[in-house]
Amino acid sequence: MEGKEMTIKGYTLQTIAETVGGELYGDPEVIIERVLPIEDAEPGDISLASDLKAIAMIKESKASALIVSLDSAEMDRNLIRVRNPRQALIPLLNLFYPRTARQAFIHSQAVVSPSARLDPSVSIDASAYISAEVVLGANVVIYPNVYVGEGSEIGEQSEIYPNVTIYPKTRIGKRVRIHAGTVIGSDGFGYMKHESGVQEKIPQIGSVEIEDDVEIGANCTIDRATLGTTRICAGTKIDNLVQVGHNSEIGQHSVIVAQVGISGSVLMGKRCVLAGQVGVSDHVRLEDDAVVGAQSGVVRDLKAGRWLGTPAVPSIKAIRVSHFIPKIPELYRQIQTLEKRLTELKEYTKLAEETKDSDQ
Amino acid sequence: MEGKEMTIKGYTLQTIAETVGGELYGDPEVIIERVLPIEDAEPGDISLASDLKAIAMIKESKASALIVSLDSAEMDRNLIRVRNPRQALIPLLNLFYPRTARQAFIHSQAVVSPSARLDPSVSIDASAYISAEVVLGANVVIYPNVYVGEGSEIGEQSEIYPNVTIYPKTRIGKRVRIHAGTVIGSDGFGYMKHESGVQEKIPQIGSVEIEDDVEIGANCTIDRATLGTTRICAGTKIDNLVQVGHNSEIGQHSVIVAQVGISGSVLMGKRCVLAGQVGVSDHVRLEDDAVVGAQSGVVRDLKAGRWLGTPAVPSIKAIRVSHFIPKIPELYRQIQTLEKRLTELKEYTKLAEETKDSDQ
Amino acid sequence: MEGKEMTIKGYTLQTIAETVGGELYGDPEVIIERVLPIEDAEPGDISLASDLKAIAMIKESKASALIVSLDSAEMDRNLIRVRNPRQALIPLLNLFYPRTARQAFIHSQAVVSPSARLDPSVSIDASAYISAEVVLGANVVIYPNVYVGEGSEIGEQSEIYPNVTIYPKTRIGKRVRIHAGTVIGSDGFGYMKHESGVQEKIPQIGSVEIEDDVEIGANCTIDRATLGTTRICAGTKIDNLVQVGHNSEIGQHSVIVAQVGISGSVLMGKRCVLAGQVGVSDHVRLEDDAVVGAQSGVVRDLKAGRWLGTPAVPSIKAIRVSHFIPKIPELYRQIQTLEKRLTELKEYTKLAEETKDSDQ
């Protein structure tokens with residue numbers, strides 16, 4: 001969404017080396033205009049050799065300069081050596097593509113309730129809908145077609161991308177980013193089953209709180225609590241198409257990869273990682289630093305450490321088991337062979353005895 | 001979305017006891033202002049002790065009153081005793097947070113086709129788009145940024161939350177709720193593969209019918225039929241991020257949990273339950289009262305009862321098997337040990353025979 | 001979305017037979033008004049008997065005519081015989097429900113940047129938002145509430161359904177259809193973890209390219225690359241709720257079924273098929289014509305052929321293994337029985353020896 005800010009600028013290699021804190025080998029005066037993957041780079045570009053695939057391409061790359069690790073061989077081209085090339089990407093991209101503050105404005109086709117309290121620095125684009133009693137902090141950016149329900153609050157420098165829906169009474173912290181199409185605060189999935197089979201809705205009158213520095217991907221759904229609060233704690237990063245059920249809490253600095261489903265009343269600690277398509281049953285607790293592998297199903301409380309499989313067990317155990325799974329048909333044959341051999345031996349033994357008996 | 005209706009009111013404990021049909025112990029005149037989880041409640045609040053976790057917190061809770069089960073011990077605080085505390089939550093929340101009818105209005109920034117037929121009681125908010133020939137029943141509520149395609153019909157008291165897309169010719173019943181971001185009636189996924197590998201689109205000219213009292217969560221997708229109708233039968237509840245393929249039918253009062261994927265031409269009976277992340281193959285039939293556990297893959301027709309796993313088998317069997325799965329490496333070792341022992345025994349036996357033979 | 005075009009017209013059976021290239025048996029002058037599934041058809045309708053279920057219904061169907069395969073028995077009703085009834089559906093539906101070009105128009109409530117370059121034939125509906133420097137080709141259709149970010153391009157005859165979000169700098173080819181609620185170009189999921197546990201965002205400054213003749217379902221998410229391009233190659237069809245991570249490439253004429261999750265930097269060849277709910281790990285490569293069964297987890301590179309399971313192995317092997325999985329408890333019992341028998345035999349053998357010894 002940074003359109004204008006993406007305009008190409010040039011920097012000397014000297015400036016770049018200083019920005020990423022690396023050692024410069026080569027011409028400090030060469031002008032670099034773009035950052036591109038090593039396979040796409042042309043003269044005037046800089047690239048990173050941060051993985052084996054990229055390192056293998058160093059020789060043939062047309063880039064004017066490369067950022068490499070400290071232990072890479074010297075060669076006859078412009079290089080910046082850093083401890084961790086991938087880490088250097090952040091200051092590098094922030095130099096070339098700085099985020100600039102949006103100018104404050106409210107589009108004439110935005111709908112803003114007179115009772116909303118807006119910092120003068122906010123930007124609200126067309127067809128956005130800011131309901132009664134909403135509070136928007138400094139430099140909040142609301143993209144087109146966003147809906148913010150009654151009484152919701154959004155902290156300073158947060159950005160809400162197009163077509164996001166924020167239900168009433170949601171609290172969103174500072175520097176939060178919510179990507180397009182995500183829905184925050186829709187009703188938790190709670191019904192009471194009658195004997196007739198009819199499912200009666202349990203009103204969902206709780207709320208959602210998204211703390212500071214959280215980023216939420218596109219087309220996610222985070223349900224409001226029945227009573228109380230569904231909470232995404234500070235610094236947590238959520239990928240696309242993730243579901244978080246009512247009354248759950250995701251601890252600080254956790255990482256939730258795409259298509260994960262977290263049921264209701266789950267309590268996750270800090271720095272947890274759920275890889276893609278993991279499912280977590282309701283009322284489960286994950287301790288700090290629990291890490292769960294892709295497609296796993298978490299049905300019991302988990303301690304810190306690596307977990308995998310459905311139901312999730314320690315990763316090392318799951319991997320060991322999965323190594324044996326393809327051999328199961330073979331096991332079956334081996335058992336049949338054993339049975340046959342045993343029967344033969346038994347018969348032979350008896351026969352031997354009988355022979356002996358008759359011998360005597 | 002009930003902003004205004006959420007205003008706090010106070011009720012006497014006497015009134016609350018009558019509302020939930022419970023026995024009152026304590027002061028009938030105490031005023032209760034809010035319903036909160038037992039751990040968050042303050043003086044002036046009422047809470048429910050409906051599960052073990054909450055029951056353990058009764059003593060320390062600051063709530064002014066508690067709703068407990070008939071068999072809970074008497075104690076020196078305000079109590080309402082009911083048969084099922086969780087069931088009492090519905091009348092309790094309806095008392096404190098009543099749903100009030102929206103005032104009829106059509107926002108000046110809504111787009112409404114002159115050929116749409118609207119009951120005078122409907123409410124259509126900003127940037128909603130009501131296409132030609134659309135029919136909206138009494139008290140229908142259309143939130144901002146909703147799109148309703150040509151010829152679609154929505155029955156009385158239904159609510160369509162922000163950013164929902166309803167494709168043309170969709171029929172939606174009475175008292176239906178469709179949460180934000182959901183898409184009803186997009187094209188079914190049907191192509192004809194040519195020998196060249198090119199996939200040619202099969203036009204999807206059928207429709208979708210959502211019957212009365214259905215609730216559909218946020219960011220779901222329900223595809224229109226190729227020919228005929230994709231149908232969600234009366235009373236069914238669907239969670240978030242659920243996919244329903246073309247020409248499928250989900251029977252009455254079913255419960256479909258988040259991230260379930262139902263392929264095309266699936267036929268489900270009444271009161272079926274699909275837990276989170278279940279997948280159902282195309283053309284499969286589920287009989288009434290089939291219940292499928294989380295992350296299962298349904299590839300064959302299922303009868304009533306509980307099913308689990310991929311492919312889904314009776315739950316009791318799946319649980320039994322999953323109990324043995326971690327022991328597979330051990331099985332492997334046991335078989336190797338058996339083979340070794342058998343070989344040793346065989347050799348010993350033969351040796352013994354030979355010894356005997358040589359003895360004689 | 002083809003409201004108007006869906007108006008019922010009548011054709012003679014003669015015209016229909018010519019359109020689908022079939023042999024006509026019966027009355028060439030009978031007028032057919034609709035195409036319906038065989039179980040729903042009434043007099044005046046035509047149906048297809050393209051699968052066993054439909055073939056079984058031929059006798060009782062009220063349809064005025066049926067399209068059947070060449071080898072079906074003659075009978076006393078109007079028939080059109082074709083080589084492949086399902087294939088005949090495409091020309092049949094295109095006859096009855098032709099797609100007609102939209103009239104060029106720009107709704108007064110659309111927001112269009114003065115710097116956008118629009119072909120005069122485009123149609124842009126209400127509350128759509130066309131940002132600066134956007135380029136729209138001939139006959140592009142933009143439905144209500146679509147957001148197109150700065151500098152994005154959309155090729156001729158492409159259709160963007162309601163509530164779609166296209167982030168800046170996205171390139172979309174010709175004849176592409178993107179269904180409602182889909183998000184193209186949101187930030188890739190890339191963070192650098194600090195020792196404190198804090199996850200620092202890696203700016204995502206790459207882009208997305210959707211090539212010609214791609215169709216993307218509803219509520220999908222396709223992330224922009226960190227650097228470089230996330231690419232969906234020509235002719236590929238993507239179902240609903242699919243996630244494609246940053247820097248991935250999906251080869252031509254591939255088919256990606258609902259709820260598939262493709263991680264970052266995945267490289268897929270041509271004509272690949274991923275069935276529903278498949279997950280693909282990052283940096284994995286799939287060769288041309290790799291076909292992966294539902295719910296599989298792809299964690300290693302795959303060659304052409306059919307794959308199944310987590311981790312995915314050749315289908316034939318996975319099916320064989322899954323046949324044995326339910327027998328694991330039985331294996332366990334068999335091994336216990338074997339151990340017992342072996343021990344008994346050993347004791348018997350020794351006893352026999354000892355008896356013998358004592359005999360002698």
# chains A, B, ... in the order shown; residues from 1 in each chain; ligands from 1

call {"tool": "residues_around", "arguments": {"residues": "segment 158-170 of chain A", "least_positions_apart": "4", "cutoff": "7 Å", "atoms": "only C-alpha atoms", "output": "PyMOL selection string"}}
result
(chain A and resi 140-154+174-186+207-209) or (chain B and resi 1+3+162-163+180) or (chain C and resi 147+163+165)

call {"tool": "interface_residues", "arguments": {"of": "chain C", "to": "chain B", "cutoff": "7 Å", "atoms": "only C-alpha atoms", "output": "VMD selection string"}}
result
chain C and resid 1 3 36 to 37 87 90 93 127 145 162 to 163 179 to 181 218 to 219 235 239 to 240 253 271 326 328 to 329 332 339 346

call {"tool": "write_last_selection", "arguments": {"atoms": "C-alpha atoms", "output": "JSON list (two decimals), in the first residue's frame"}}
result
[["chain", "number", "residue", "atom", "x", "y", "z"],
["C", 1, "MET", "CA", -23.28, -11.98, -11.71],
["C", 3, "GLY", "CA", -28.34, -11.46, -13.95],
["C", 36, "LEU", "CA", -31.75, -28.45, -15.25],
["C", 37, "PRO", "CA", -30.47, -31.47, -13.30],
["C", 87, "GLN", "CA", -18.45, -32.09, -22.19],
["C", 90, "ILE", "CA", -20.29, -26.30, -21.91],
["C", 93, "LEU", "CA", -24.92, -23.65, -21.18],
["C", 127, "SER", "CA", -17.76, 2.15, -4.12],
["C", 145, "ASN", "CA", -16.52, -2.38, -3.24],
["C", 162, "PRO", "CA", -17.27, -7.54, -5.17],
["C", 163, "ASN", "CA", -15.16, -6.84, -2.09],
["C", 179, "HIS", "CA", -14.09, -13.95, -7.04],
["C", 180, "ALA", "CA", -15.50, -12.00, -4.14],
["C", 181, "GLY", "CA", -13.49, -11.30, -1.02],
["C", 218, "ALA", "CA", -13.64, -16.47, -3.22],
["C", 219, "ASN", "CA", -11.80, -15.38, -0.06],
["C", 235, "GLY", "CA", -4.65, -20.97, -17.23],
["C", 239, "ASP", "CA", -10.80, -22.72, -5.71],
["C", 240, "ASN", "CA", -11.96, -20.85, -2.56],
["C", 253, "HIS", "CA", -2.97, -25.05, -16.13],
["C", 271, "ARG", "CA", -0.68, -29.12, -14.78],
["C", 326, "PRO", "CA", -6.60, -50.11, 11.22],
["C", 328, "ILE", "CA", -2.20, -52.14, 14.00],
["C", 329, "PRO", "CA", -3.88, -53.18, 17.28],
["C", 332, "TYR", "CA", 0.20, -55.90, 18.42],
["C", 339, "GLU", "CA", 6.06, -64.19, 21.89],
["C", 346, "LYS", "CA", 11.37, -72.89, 23.87]]

call {"tool": "closest_residue", "arguments": {"among": "A:Leu308, A:Glu74, A:Asp40, A:Arg83", "to": "Lys62 of chain A", "atoms": "only C-alpha atoms"}}
result
A:Asp40

call {"tool": "residues_around", "arguments": {"residues": "Val35 of chain A", "least_positions_apart": "2", "cutoff": "7 Å", "atoms": "only C-alpha atoms", "output": "NGL selection string"}}
result
:A and (45-47)

call {"tool": "select_by_dssp", "arguments": {"residues": "segment 38-180 of chain B", "states": "strand (DSSP E or B)", "output": "ChimeraX atom specification"}}
result
/B:45-48,65-69,79-82,105-106,111-112,117-118,123-124,129-130,135-136,141-142,147-148,153-154,159-160,165-166,171-172,177-178

call {"tool": "atom_distance", "arguments": {"atom1": "atom CA of Ser121 of chain C", "atom2": "atom CA of Val214 of chain C"}}
result
21.2 Å

call {"tool": "select_by_dssp", "arguments": {"residues": "segment 64-135 of chain C", "states": "alpha helix (DSSP H)", "output": "list in words"}}
result
Pro85, Arg86, Gln87, Ala88, Leu89, Ile90, Pro91, Leu92, Leu93, Asn94, Leu95 and Phe96 of chain C
